[in-house]
Structure formats: structure tokens, C-alpha cells
$ cat start-v7.cif   # mmCIF, C-alpha atoms; chains and numbers go by the auth columns
data_my_file
loop_
_atom_site.group_PDB
_atom_site.id
_atom_site.type_symbol
_atom_site.label_atom_id
_atom_site.label_comp_id
_atom_site.label_asym_id
_atom_site.label_seq_id
_atom_site.Cartn_x
_atom_site.Cartn_y
_atom_site.Cartn_z
_atom_site.B_iso_or_equiv
_atom_site.auth_seq_id
_atom_site.auth_asym_id
ATOM 1 C CA MET A 1 101.243 -165.930 0.220 0.00 1 E
ATOM 2 C CA ASP A 2 104.313 -167.897 -0.891 0.00 2 E
ATOM 3 C CA ARG A 3 107.383 -165.709 -1.460 0.00 3 E
ATOM 4 C CA ILE A 4 107.436 -166.525 -5.186 0.00 4 E
ATOM 5 C CA VAL A 5 104.323 -164.326 -5.476 0.00 5 E
ATOM 6 C CA ASN A 6 105.877 -161.320 -3.795 0.00 6 E
ATOM 7 C CA GLU A 7 103.466 -158.729 -5.259 0.00 7 E
ATOM 8 C CA SER A 8 100.188 -160.523 -5.935 0.00 8 E
ATOM 9 C CA SER A 9 98.296 -158.216 -8.286 0.00 9 E
ATOM 10 C CA GLY A 10 95.720 -160.513 -9.910 0.00 10 E
ATOM 11 C CA LEU A 11 93.723 -163.674 -9.233 0.00 11 E
ATOM 12 C CA ALA A 12 91.780 -166.124 -11.415 0.00 12 E
ATOM 13 C CA LYS A 13 90.356 -169.532 -10.569 0.00 13 E
ATOM 14 C CA LEU A 14 91.759 -172.557 -12.409 0.00 14 E
ATOM 15 C CA THR A 15 89.270 -174.478 -14.535 0.00 15 E
ATOM 16 C CA GLY A 16 87.737 -177.355 -12.576 0.00 16 E
ATOM 17 C CA LYS A 17 90.043 -176.937 -9.584 0.00 17 E
ATOM 18 C CA GLN A 18 90.022 -175.248 -6.204 0.00 18 E
ATOM 19 C CA THR A 19 93.284 -173.433 -6.848 0.00 19 E
ATOM 20 C CA PHE A 20 94.111 -170.057 -8.359 0.00 20 E
ATOM 21 C CA TRP A 21 96.436 -168.289 -10.759 0.00 21 E
ATOM 22 C CA SER A 22 98.233 -165.200 -9.542 0.00 22 E
ATOM 23 C CA HIS A 23 101.092 -163.057 -10.845 0.00 23 E
ATOM 24 C CA ASN A 24 103.500 -160.380 -9.767 0.00 24 E
ATOM 25 C CA ASP A 25 103.267 -156.688 -10.572 0.00 25 E
ATOM 26 C CA SER A 26 105.281 -154.672 -13.089 0.00 26 E
ATOM 27 C CA GLY A 27 108.646 -155.984 -14.203 0.00 27 E
ATOM 28 C CA GLY A 28 108.070 -159.536 -12.996 0.00 28 E
ATOM 29 C CA LYS A 29 108.547 -162.649 -15.078 0.00 29 E
ATOM 30 C CA ALA A 30 105.987 -163.585 -17.751 0.00 30 E
ATOM 31 C CA GLU A 31 104.650 -166.318 -15.495 0.00 31 E
ATOM 32 C CA LEU A 32 101.507 -167.258 -13.631 0.00 32 E
ATOM 33 C CA TYR A 33 101.710 -169.023 -10.284 0.00 33 E
ATOM 34 C CA GLU A 34 99.229 -171.618 -9.088 0.00 34 E
ATOM 35 C CA VAL A 35 98.425 -171.263 -5.389 0.00 35 E
ATOM 36 C CA ASP A 36 95.787 -172.630 -3.052 0.00 36 E
ATOM 37 C CA SER A 37 93.431 -170.589 -0.861 0.00 37 E
ATOM 38 C CA THR A 38 96.035 -170.347 1.894 0.00 38 E
ATOM 39 C CA GLY A 39 98.769 -169.099 -0.431 0.00 39 E
ATOM 40 C CA ASN A 40 100.766 -172.299 -0.788 0.00 40 E
ATOM 41 C CA TYR A 41 102.670 -172.442 -4.092 0.00 41 E
ATOM 42 C CA ILE A 42 101.801 -175.370 -6.392 0.00 42 E
ATOM 43 C CA SER A 43 103.135 -174.746 -9.914 0.00 43 E
ATOM 44 C CA THR A 44 104.345 -172.191 -12.466 0.00 44 E
ATOM 45 C CA LEU A 45 102.866 -171.503 -15.896 0.00 45 E
ATOM 46 C CA SER A 46 105.395 -169.818 -18.200 0.00 46 E
ATOM 47 C CA ILE A 47 104.093 -167.771 -21.111 0.00 47 E
ATOM 48 C CA PRO A 48 106.916 -167.684 -23.675 0.00 48 E
ATOM 49 C CA LYS A 49 105.395 -165.141 -26.080 0.00 49 E
ATOM 50 C CA ALA A 50 104.456 -162.530 -23.476 0.00 50 E
ATOM 51 C CA ARG A 51 106.199 -159.740 -21.546 0.00 51 E
ATOM 52 C CA ASN A 52 105.343 -158.377 -18.133 0.00 52 E
ATOM 53 C CA ILE A 53 105.591 -154.638 -18.625 0.00 53 E
ATOM 54 C CA ASP A 54 102.933 -153.919 -15.996 0.00 54 E
ATOM 55 C CA TRP A 55 100.570 -156.839 -15.424 0.00 55 E
ATOM 56 C CA GLU A 56 97.677 -155.736 -13.230 0.00 56 E
ATOM 57 C CA ASP A 57 94.800 -158.239 -13.313 0.00 57 E
ATOM 58 C CA LEU A 58 93.553 -161.625 -14.500 0.00 58 E
ATOM 59 C CA ALA A 59 90.226 -162.904 -15.809 0.00 59 E
ATOM 60 C CA GLY A 60 88.920 -166.179 -17.186 0.00 60 E
ATOM 61 C CA ASP A 61 86.084 -167.457 -19.365 0.00 61 E
ATOM 62 C CA ARG A 62 84.122 -170.722 -19.380 0.00 62 E
ATOM 63 C CA GLN A 63 86.193 -172.107 -22.285 0.00 63 E
ATOM 64 C CA GLY A 64 89.376 -172.289 -20.195 0.00 64 E
ATOM 65 C CA ASN A 65 90.996 -169.106 -21.512 0.00 65 E
ATOM 66 C CA ILE A 66 93.004 -166.797 -19.276 0.00 66 E
ATOM 67 C CA PHE A 67 93.191 -163.045 -19.879 0.00 67 E
ATOM 68 C CA ILE A 68 96.227 -161.170 -18.538 0.00 68 E
ATOM 69 C CA GLY A 69 95.907 -157.403 -18.364 0.00 69 E
ATOM 70 C CA ASP A 70 99.220 -155.743 -19.234 0.00 70 E
ATOM 71 C CA PHE A 71 97.631 -152.315 -18.958 0.00 71 E
ATOM 72 C CA GLY A 72 99.249 -150.692 -15.919 0.00 72 E
ATOM 73 C CA ASN A 73 99.711 -147.076 -16.947 0.00 73 E
ATOM 74 C CA ASN A 74 100.751 -144.986 -13.946 0.00 74 E
ATOM 75 C CA ARG A 75 102.004 -142.091 -16.067 0.00 75 E
ATOM 76 C CA ASN A 76 99.094 -142.300 -18.525 0.00 76 E
ATOM 77 C CA ASN A 77 101.532 -142.283 -21.466 0.00 77 E
ATOM 78 C CA ARG A 78 101.499 -145.906 -22.702 0.00 78 E
ATOM 79 C CA LYS A 79 100.488 -146.653 -26.276 0.00 79 E
ATOM 80 C CA ASP A 80 101.211 -150.388 -26.052 0.00 80 E
ATOM 81 C CA LEU A 81 98.336 -151.538 -23.832 0.00 81 E
ATOM 82 C CA ILE A 82 97.767 -155.282 -24.230 0.00 82 E
ATOM 83 C CA ILE A 83 95.582 -158.044 -22.857 0.00 83 E
ATOM 84 C CA TYR A 84 97.023 -161.509 -23.423 0.00 84 E
ATOM 85 C CA LYS A 85 94.550 -164.310 -24.148 0.00 85 E
ATOM 86 C CA LEU A 86 95.728 -167.891 -23.850 0.00 86 E
ATOM 87 C CA PRO A 87 94.274 -171.366 -23.328 0.00 87 E
ATOM 88 C CA GLU A 88 95.086 -172.456 -19.795 0.00 88 E
ATOM 89 C CA LYS A 89 96.389 -175.824 -21.031 0.00 89 E
ATOM 90 C CA GLU A 90 98.238 -174.444 -24.088 0.00 90 E
ATOM 91 C CA PRO A 91 99.975 -171.207 -23.035 0.00 91 E
ATOM 92 C CA GLU A 92 102.139 -171.199 -26.169 0.00 92 E
ATOM 93 C CA LYS A 93 99.002 -170.343 -28.191 0.00 93 E
ATOM 94 C CA VAL A 94 98.858 -166.851 -26.720 0.00 94 E
ATOM 95 C CA LYS A 95 96.967 -164.146 -28.624 0.00 95 E
ATOM 96 C CA THR A 96 96.952 -160.389 -28.101 0.00 96 E
ATOM 97 C CA ILE A 97 94.145 -157.898 -27.629 0.00 97 E
ATOM 98 C CA GLN A 98 95.628 -154.455 -28.212 0.00 98 E
ATOM 99 C CA PHE A 99 93.654 -151.356 -27.353 0.00 99 E
ATOM 100 C CA SER A 100 93.613 -147.624 -26.686 0.00 100 E
ATOM 101 C CA TYR A 101 91.041 -145.527 -24.836 0.00 101 E
ATOM 102 C CA GLU A 102 88.564 -143.798 -27.105 0.00 102 E
ATOM 103 C CA ASP A 103 88.609 -140.628 -24.979 0.00 103 E
ATOM 104 C CA GLN A 104 92.387 -140.255 -24.497 0.00 104 E
ATOM 105 C CA LYS A 105 93.789 -137.572 -26.779 0.00 105 E
ATOM 106 C CA ALA A 106 97.124 -136.687 -25.086 0.00 106 E
ATOM 107 C CA PHE A 107 99.995 -138.918 -23.859 0.00 107 E
ATOM 108 C CA PRO A 108 100.194 -138.040 -21.030 0.00 108 E
ATOM 109 C CA PRO A 109 97.128 -135.864 -20.499 0.00 109 E
ATOM 110 C CA PRO A 110 97.018 -132.929 -18.037 0.00 110 E
ATOM 111 C CA ASP A 111 97.286 -133.988 -14.388 0.00 111 E
ATOM 112 C CA LYS A 112 93.584 -133.528 -13.645 0.00 112 E
ATOM 113 C CA GLU A 113 92.700 -135.799 -16.583 0.00 113 E
ATOM 114 C CA ARG A 114 95.079 -138.654 -15.737 0.00 114 E
ATOM 115 C CA ASN A 115 92.440 -141.341 -15.547 0.00 115 E
ATOM 116 C CA PHE A 116 93.714 -143.838 -18.143 0.00 116 E
ATOM 117 C CA ASP A 117 95.330 -146.355 -15.806 0.00 117 E
ATOM 118 C CA CYS A 118 93.188 -149.506 -15.595 0.00 118 E
ATOM 119 C CA GLU A 119 94.156 -152.149 -13.036 0.00 119 E
ATOM 120 C CA ALA A 120 90.952 -154.219 -12.876 0.00 120 E
ATOM 121 C CA MET A 121 88.910 -156.319 -15.301 0.00 121 E
ATOM 122 C CA PHE A 122 86.510 -159.227 -15.693 0.00 122 E
ATOM 123 C CA TYR A 123 85.062 -161.251 -18.582 0.00 123 E
ATOM 124 C CA HIS A 124 81.335 -161.208 -19.413 0.00 124 E
ATOM 125 C CA GLN A 125 79.449 -162.236 -22.568 0.00 125 E
ATOM 126 C CA ASP A 126 82.386 -162.176 -25.019 0.00 126 E
ATOM 127 C CA SER A 127 83.706 -158.853 -23.715 0.00 127 E
ATOM 128 C CA LEU A 128 86.229 -157.619 -21.179 0.00 128 E
ATOM 129 C CA TYR A 129 85.200 -154.905 -18.730 0.00 129 E
ATOM 130 C CA LEU A 130 88.017 -152.613 -17.558 0.00 130 E
ATOM 131 C CA PHE A 131 87.938 -150.180 -14.622 0.00 131 E
ATOM 132 C CA SER A 132 90.142 -147.095 -14.339 0.00 132 E
ATOM 133 C CA LYS A 133 92.112 -146.255 -11.193 0.00 133 E
ATOM 134 C CA ASN A 134 90.894 -142.609 -11.109 0.00 134 E
ATOM 135 C CA ARG A 135 94.221 -140.851 -10.544 0.00 135 E
ATOM 136 C CA GLY A 136 92.802 -137.553 -11.827 0.00 136 E
ATOM 137 C CA ASP A 137 89.219 -136.513 -11.179 0.00 137 E
ATOM 138 C CA LYS A 138 88.090 -139.408 -8.895 0.00 138 E
ATOM 139 C CA GLN A 139 85.686 -140.670 -11.573 0.00 139 E
ATOM 140 C CA VAL A 140 86.078 -144.430 -12.064 0.00 140 E
ATOM 141 C CA LYS A 141 85.519 -145.150 -15.745 0.00 141 E
ATOM 142 C CA LEU A 142 84.255 -148.459 -17.088 0.00 142 E
ATOM 143 C CA TYR A 143 85.485 -149.475 -20.556 0.00 143 E
ATOM 144 C CA VAL A 144 84.575 -152.438 -22.755 0.00 144 E
ATOM 145 C CA VAL A 145 86.703 -154.258 -25.347 0.00 145 E
ATOM 146 C CA PRO A 146 85.967 -157.482 -27.287 0.00 146 E
ATOM 147 C CA ALA A 147 87.551 -160.609 -25.818 0.00 147 E
ATOM 148 C CA ALA A 148 88.998 -161.611 -29.197 0.00 148 E
ATOM 149 C CA GLU A 149 92.372 -161.092 -30.845 0.00 149 E
ATOM 150 C CA GLY A 150 92.647 -157.728 -32.570 0.00 150 E
ATOM 151 C CA THR A 151 93.239 -154.003 -32.113 0.00 151 E
ATOM 152 C CA TYR A 152 90.424 -151.942 -30.621 0.00 152 E
ATOM 153 C CA SER A 153 89.339 -148.610 -29.254 0.00 153 E
ATOM 154 C CA ALA A 154 88.078 -149.295 -25.723 0.00 154 E
ATOM 155 C CA ARG A 155 84.510 -148.011 -25.477 0.00 155 E
ATOM 156 C CA LEU A 156 83.623 -145.855 -22.484 0.00 156 E
ATOM 157 C CA LYS A 157 80.458 -147.393 -21.061 0.00 157 E
ATOM 158 C CA ALA A 158 79.922 -145.623 -17.731 0.00 158 E
ATOM 159 C CA LYS A 159 81.599 -143.794 -14.878 0.00 159 E
ATOM 160 C CA ILE A 160 80.964 -143.292 -11.179 0.00 160 E
ATOM 161 C CA TYR A 161 82.479 -141.079 -8.494 0.00 161 E
ATOM 162 C CA LEU A 162 84.578 -142.935 -5.915 0.00 162 E
ATOM 163 C CA LYS A 163 87.019 -141.427 -3.438 0.00 163 E
ATOM 164 C CA THR A 164 89.464 -144.317 -3.598 0.00 164 E
ATOM 165 C CA MET A 165 91.446 -146.075 -6.340 0.00 165 E
ATOM 166 C CA VAL A 166 90.141 -149.251 -8.018 0.00 166 E
ATOM 167 C CA THR A 167 92.655 -152.116 -7.973 0.00 167 E
ATOM 168 C CA GLY A 168 90.750 -155.296 -8.900 0.00 168 E
ATOM 169 C CA ALA A 169 87.429 -156.714 -10.108 0.00 169 E
ATOM 170 C CA ASP A 170 85.640 -160.013 -10.684 0.00 170 E
ATOM 171 C CA ILE A 171 82.222 -161.365 -11.645 0.00 171 E
ATOM 172 C CA SER A 172 80.311 -164.032 -9.703 0.00 172 E
ATOM 173 C CA PRO A 173 79.951 -167.525 -11.231 0.00 173 E
ATOM 174 C CA ASP A 174 76.189 -167.059 -11.686 0.00 174 E
ATOM 175 C CA GLU A 175 76.892 -163.659 -13.357 0.00 175 E
ATOM 176 C CA LYS A 176 74.339 -161.894 -11.145 0.00 176 E
ATOM 177 C CA LYS A 177 76.808 -159.503 -9.492 0.00 177 E
ATOM 178 C CA PHE A 178 80.333 -158.193 -9.773 0.00 178 E
ATOM 179 C CA ALA A 179 82.867 -156.967 -7.237 0.00 179 E
ATOM 180 C CA VAL A 180 85.095 -153.898 -7.448 0.00 180 E
ATOM 181 C CA LEU A 181 88.056 -153.742 -5.076 0.00 181 E
ATOM 182 C CA THR A 182 89.678 -150.486 -3.966 0.00 182 E
ATOM 183 C CA TYR A 183 92.219 -149.349 -1.418 0.00 183 E
ATOM 184 C CA GLY A 184 90.091 -149.662 1.711 0.00 184 E
ATOM 185 C CA LYS A 185 86.706 -150.755 0.355 0.00 185 E
ATOM 186 C CA LEU A 186 84.972 -153.572 -1.509 0.00 186 E
ATOM 187 C CA PHE A 187 81.902 -152.726 -3.606 0.00 187 E
ATOM 188 C CA ILE A 188 79.337 -155.196 -4.966 0.00 188 E
ATOM 189 C CA PHE A 189 77.158 -154.229 -7.948 0.00 189 E
ATOM 190 C CA GLY A 190 74.119 -156.108 -9.235 0.00 190 E
ATOM 191 C CA ILE A 191 73.651 -157.449 -12.773 0.00 191 E
ATOM 192 C CA ASN A 192 70.084 -157.465 -14.093 0.00 192 E
ATOM 193 C CA GLU A 193 69.137 -159.385 -17.244 0.00 193 E
ATOM 194 C CA GLY A 194 72.792 -159.723 -18.200 0.00 194 E
ATOM 195 C CA GLN A 195 73.390 -155.950 -18.230 0.00 195 E
ATOM 196 C CA ILE A 196 76.349 -154.486 -16.355 0.00 196 E
ATOM 197 C CA ASN A 197 75.022 -151.645 -14.165 0.00 197 E
ATOM 198 C CA PHE A 198 77.765 -149.394 -12.825 0.00 198 E
ATOM 199 C CA SER A 199 75.568 -146.765 -11.229 0.00 199 E
ATOM 200 C CA ASN A 200 74.705 -147.932 -7.705 0.00 200 E
ATOM 201 C CA PRO A 201 76.498 -150.491 -5.522 0.00 201 E
ATOM 202 C CA ILE A 202 74.258 -152.862 -3.590 0.00 202 E
ATOM 203 C CA PHE A 203 76.878 -153.573 -0.922 0.00 203 E
ATOM 204 C CA CYS A 204 80.012 -151.913 0.471 0.00 204 E
ATOM 205 C CA LEU A 205 82.530 -153.292 2.974 0.00 205 E
ATOM 206 C CA LYS A 206 85.562 -151.597 4.503 0.00 206 E
ATOM 207 C CA THR A 207 88.773 -153.612 4.116 0.00 207 E
ATOM 208 C CA LYS A 208 92.374 -153.381 5.278 0.00 208 E
ATOM 209 C CA ARG A 209 94.131 -150.263 3.998 0.00 209 E
ATOM 210 C CA LYS A 210 97.072 -151.969 2.353 0.00 210 E
ATOM 211 C CA GLN A 211 97.907 -152.568 -1.312 0.00 211 E
ATOM 212 C CA THR A 212 95.002 -154.980 -1.748 0.00 212 E
ATOM 213 C CA GLU A 213 94.983 -155.481 -5.510 0.00 213 E
ATOM 214 C CA ALA A 214 93.578 -158.923 -6.368 0.00 214 E
ATOM 215 C CA ILE A 215 90.102 -160.414 -5.995 0.00 215 E
ATOM 216 C CA VAL A 216 88.289 -163.549 -7.154 0.00 216 E
ATOM 217 C CA PHE A 217 84.918 -165.150 -6.407 0.00 217 E
ATOM 218 C CA LEU A 218 85.247 -168.601 -4.834 0.00 218 E
ATOM 219 C CA ASP A 219 81.518 -169.118 -5.367 0.00 219 E
ATOM 220 C CA ASN A 220 78.502 -166.825 -5.532 0.00 220 E
ATOM 221 C CA ASP A 221 78.835 -165.734 -1.895 0.00 221 E
ATOM 222 C CA ARG A 222 82.554 -165.887 -1.039 0.00 222 E
ATOM 223 C CA LEU A 223 85.537 -163.908 -2.275 0.00 223 E
ATOM 224 C CA LEU A 224 89.289 -164.226 -1.903 0.00 224 E
ATOM 225 C CA LEU A 225 91.478 -161.112 -1.684 0.00 225 E
ATOM 226 C CA THR A 226 95.253 -160.749 -1.691 0.00 226 E
ATOM 227 C CA ASN A 227 97.547 -157.795 -1.206 0.00 227 E
ATOM 228 C CA GLU A 228 101.100 -157.003 -2.253 0.00 228 E
ATOM 229 C CA GLN A 229 102.282 -157.441 1.335 0.00 229 E
ATOM 230 C CA GLY A 230 101.508 -161.193 1.156 0.00 230 E
ATOM 231 C CA SER A 231 98.232 -161.360 3.095 0.00 231 E
ATOM 232 C CA ILE A 232 95.149 -163.322 2.039 0.00 232 E
ATOM 233 C CA TYR A 233 91.571 -162.548 3.086 0.00 233 E
ATOM 234 C CA LEU A 234 88.419 -164.635 2.798 0.00 234 E
ATOM 235 C CA ILE A 235 85.174 -162.650 2.709 0.00 235 E
ATOM 236 C CA GLY A 236 81.766 -164.315 2.931 0.00 236 E
ATOM 237 C CA GLN A 237 78.302 -162.874 2.497 0.00 237 E
ATOM 238 C CA ARG A 238 75.849 -164.131 5.114 0.00 238 E
ATOM 239 C CA ALA A 239 72.411 -165.265 4.042 0.00 239 E
ATOM 240 C CA ALA A 240 69.488 -163.230 5.364 0.00 240 E
ATOM 241 C CA PRO A 241 67.844 -164.794 8.480 0.00 241 E
#

$ encode --input "start-v7.cif" --output "C-alpha cells"
Amino acid sequence: MDRIVNESSGLAKLTGKQTFWSHNDSGGKAELYEVDSTGNYISTLSIPKARNIDWEDLAGDRQGNIFIGDFGNNRNNRKDLIIYKLPEKEPEKVKTIQFSYEDQKAFPPPDKERNFDCEAMFYHQDSLYLFSKNRGDKQVKLYVVPAAEGTYSARLKAKIYLKTMVTGADISPDEKKFAVLTYGKLFIFGINEGQINFSNPIFCLKTKRKQTEAIVFLDNDRLLLTNEQGSIYLIGQRAAP
């Protein structure tokens, strides 16, 4: 990965192109960087009305909007969680989706309940799906918020026990499966009749144990991963013989 993206923490595919947006982790500039599949830098997209407190993931919809998740929450004490929504071609028209977790009552909560740090999301059917990093009880929680400007209480939809921390997520172009990236493993879950099922993965693959935090589908069978150490991985799913 080009040195300008020194802590790649999110990936999203550009509309109609074979290149990708990425961004740096907490404290970086309020900018997205266009790169190709080998990490070569192409351009910068500045977002003048945004701040990078702790950007953690990117998502996109079919209308050319980009969603930037400023919801890193290592200490579980943030009350200013934001997702920026902006047209890819008009970044000055940025809107904000502000939210809190419906089941968080203390800021911060007790150590064993510190599971309000989401670092992964994807867009599906006018909603954003957020995955917690399970710093407390190892239960990954899936939340849902509307993908429209406003202030919301993120609805807890499901949870599943995983031994490792979730760092990224994406949905396939045909919307028949979604991927959840963790430190050391990649999980694929199926989507039946448009319903997000977070109970049983249909596929699991061990990956490099580095700070692999960004994932995007290239097509329905291939994924691109990046880590904060500058490496890029291409993963393909073979067709059955």
C-alpha cells in the first residue's frame, strides 16, 4: 500500500471503476485515498465538513454515496458516534448519521461489558449494519441504523460468540452473502431472501495474524483485504468441481 495510506482501516469500491477508497485510522486527515488493487495511490478526496476522530470502516450504496464510520470507541466512553454520508462526486454535501447503542447505559461500562466499539459495517436495503469488536464478553453484536441523516438509537439485531475481534465487513454485489473480517479469520455468512442471518457462518478461512482491518468484495467470489502494516491480500473462492 502507498505510504500515504499508512494505516488502511477501511475499503470501498468506487462507483463504476476498478479502484478503491481507503482511509487512515484515528487522528488522520479527513480524507479518502483512491488506490488500485495493488495499492498504488491515484487521488485524494478531501471532506471539508468532517473530522477523523476514529474512522474505522467504509461502505457504499448503489446511488454513489459513501458512508464513513467515525465510531471507533476503544474506551467505550464516546457519546459522539457518527457515520458520515456523502455523494462520491460532491463530498461537500456531507450529512451526518448520529447514533448511540440502545443497550449501553454506562460510559464507560464495566470491563466485562465493554462491547460498544464497532469497527465494521456494510450497507443493505436502506440500513447500515454495524459489528462490535467484542472487547468484553467475546459476543460480537450486530446493530442496525437507518442510512439517512438523523439521530438514532442503534438497534441490537443479533449476536454471536467469536474468540477474535471483528475489524471489517462487506456485502457481496449480488447481496447473497456478507463477509466479516477478524484478527486471524475471515467468515462468510449467507443472506436468504434479503434477510441478514448472523447465526451460522457458511465459510471460514484463517488469515495472517496482523492488524488486518479492511475488506471489500471485488465481485461475488473475490475479496480484497488490507492491513495497517501496508500489505494487500486477494482472496478468491473456487467454484465447486

$ resolve_selection --input "start-v7.cif" --expression "the PyMOL selection byres ((chain E and resi 73-81) around 6)" --output "ChimeraX atom specification"
/E:71-72,82,98-99,107-108,116-117

$ closest_residue --input "start-v7.cif" --among "E:Phe198, E:Tyr84, E:Tyr129, E:Trp21" --to "E:Pro48" --atoms "all atoms listed in the file"
E:Tyr84

$ residues_around --input "start-v7.cif" --residues "stretch 216-233 of chain E" --least-positions-apart "6" --cutoff "6 Å" --atoms "all atoms listed in the file" --output "list in words"
Met1, Glu7, Ser8, Leu11, Asp170, Ser172 and Pro173 of chain E

$ closest_residue --input "start-v7.cif" --among "E:Gly190, E:Pro201, E:Gly60, E:Pro146" --to "E:Glu88" --atoms "all atoms listed in the file"
E:Gly60

$ resolve_selection --input "start-v7.cif" --expression "the PyMOL selection byres ((chain E and resi 127) around 10)" --output "list in words"
Asp61, Phe122, Tyr123, His124, Gln125, Asp126, Leu128, Tyr129, Leu130, Val144, Val145, Pro146, Ala147 and Ala148 of chain E

$ closest_residue --input "start-v7.cif" --among "E:Arg114, E:Lys85, E:Arg51, E:Lys163" --to "E:Phe67" --atoms "only C-alpha atoms"
E:Lys85

$ resolve_selection --input "start-v7.cif" --expression "the PyMOL selection byres ((chain E and resi 180) around 9)" --output "PyMOL selection string"
chain E and resi 120+131+166-170+178-179+181-182+185-189+215

$ residues_around --input "start-v7.cif" --residues "E:Asp103" --least-positions-apart "4" --cutoff "12 Å" --atoms "only C-alpha atoms" --output "PyMOL selection string"
chain E and resi 107+109+113-116+141-143+153-157

$ closest_residue --input "start-v7.cif" --among "E:Ile4, E:Ile66, E:Ile160, E:Met121" --to "E:Ala214" --atoms "all atoms listed in the file"
E:Met121

$ closest_residue --input "start-v7.cif" --among "E:Ser9, E:Thr164, E:Asn65, E:Asn40" --to "E:Asp137" --atoms "only C-alpha atoms"
E:Thr164

$ closest_residue --input "start-v7.cif" --among "E:Met165, E:Asn134, E:Ile97, E:Cys118" --to "E:Thr151" --atoms "all atoms listed in the file"
E:Ile97

$ atom_distance --input "start-v7.cif" --atom1 "atom CA of E:Thr212" --atom2 "atom CA of E:Leu14"
20.8 Å

$ residues_around --input "start-v7.cif" --residues "E:Asn52" --least-positions-apart "5" --cutoff "7 Å" --atoms "all atoms listed in the file" --output "list in words"
Ser26, Gly27, Gly28, Lys29, Ala30 and Asp70 of chain E

$ decode --input "start-v7.cif" --residues "stretch 162-168 of chain E" --atoms "all heavy atoms" --output "CSV table (one decimal), in the first residue's frame"
chain,number,residue,atom,x,y,z
E,162,LEU,N,-17.6,-15.2,19.2
E,162,LEU,CA,-16.4,-15.4,18.4
E,162,LEU,C,-15.2,-15.1,19.3
E,162,LEU,O,-15.3,-14.3,20.2
E,162,LEU,CB,-16.3,-14.4,17.2
E,162,LEU,CG,-17.3,-14.6,16.1
E,162,LEU,CD1,-17.1,-13.5,15.0
E,162,LEU,CD2,-17.1,-16.0,15.4
E,163,LYS,N,-14.1,-15.8,19.1
E,163,LYS,CA,-13.0,-15.7,20.0
E,163,LYS,C,-12.1,-14.6,19.6
E,163,LYS,O,-11.2,-14.2,20.4
E,163,LYS,CB,-12.2,-17.0,20.0
E,163,LYS,CG,-12.9,-18.2,20.6
E,163,LYS,CD,-12.0,-19.4,20.6
E,163,LYS,CE,-12.7,-20.6,21.3
E,163,LYS,NZ,-11.9,-21.8,21.3
E,164,THR,N,-12.3,-14.0,18.5
E,164,THR,CA,-11.4,-13.0,18.0
E,164,THR,C,-12.2,-11.7,17.6
E,164,THR,O,-13.4,-11.7,17.5
E,164,THR,CB,-10.7,-13.5,16.7
E,164,THR,OG1,-9.7,-12.5,16.3
E,164,THR,CG2,-11.6,-13.8,15.6
E,165,MET,N,-11.5,-10.6,17.5
E,165,MET,CA,-12.1,-9.3,17.4
E,165,MET,C,-12.4,-9.0,15.9
E,165,MET,O,-11.6,-9.1,15.0
E,165,MET,CB,-11.2,-8.1,17.9
E,165,MET,CG,-11.0,-8.2,19.4
E,165,MET,SD,-9.9,-6.8,20.0
E,165,MET,CE,-9.9,-7.1,21.7
E,166,VAL,N,-13.6,-8.4,15.7
E,166,VAL,CA,-14.1,-8.1,14.3
E,166,VAL,C,-13.5,-6.7,13.9
E,166,VAL,O,-13.6,-5.8,14.7
E,166,VAL,CB,-15.6,-8.0,14.3
E,166,VAL,CG1,-16.1,-7.5,12.9
E,166,VAL,CG2,-16.2,-9.4,14.5
E,167,THR,N,-13.0,-6.6,12.7
E,167,THR,CA,-12.3,-5.4,12.3
E,167,THR,C,-12.8,-4.8,11.0
E,167,THR,O,-12.5,-3.7,10.6
E,167,THR,CB,-10.8,-5.6,12.1
E,167,THR,OG1,-10.6,-6.7,11.2
E,167,THR,CG2,-10.2,-6.0,13.5
E,168,GLY,N,-13.6,-5.6,10.2
E,168,GLY,CA,-14.1,-5.1,8.9
E,168,GLY,C,-15.3,-6.0,8.4
E,168,GLY,O,-15.4,-7.1,8.9
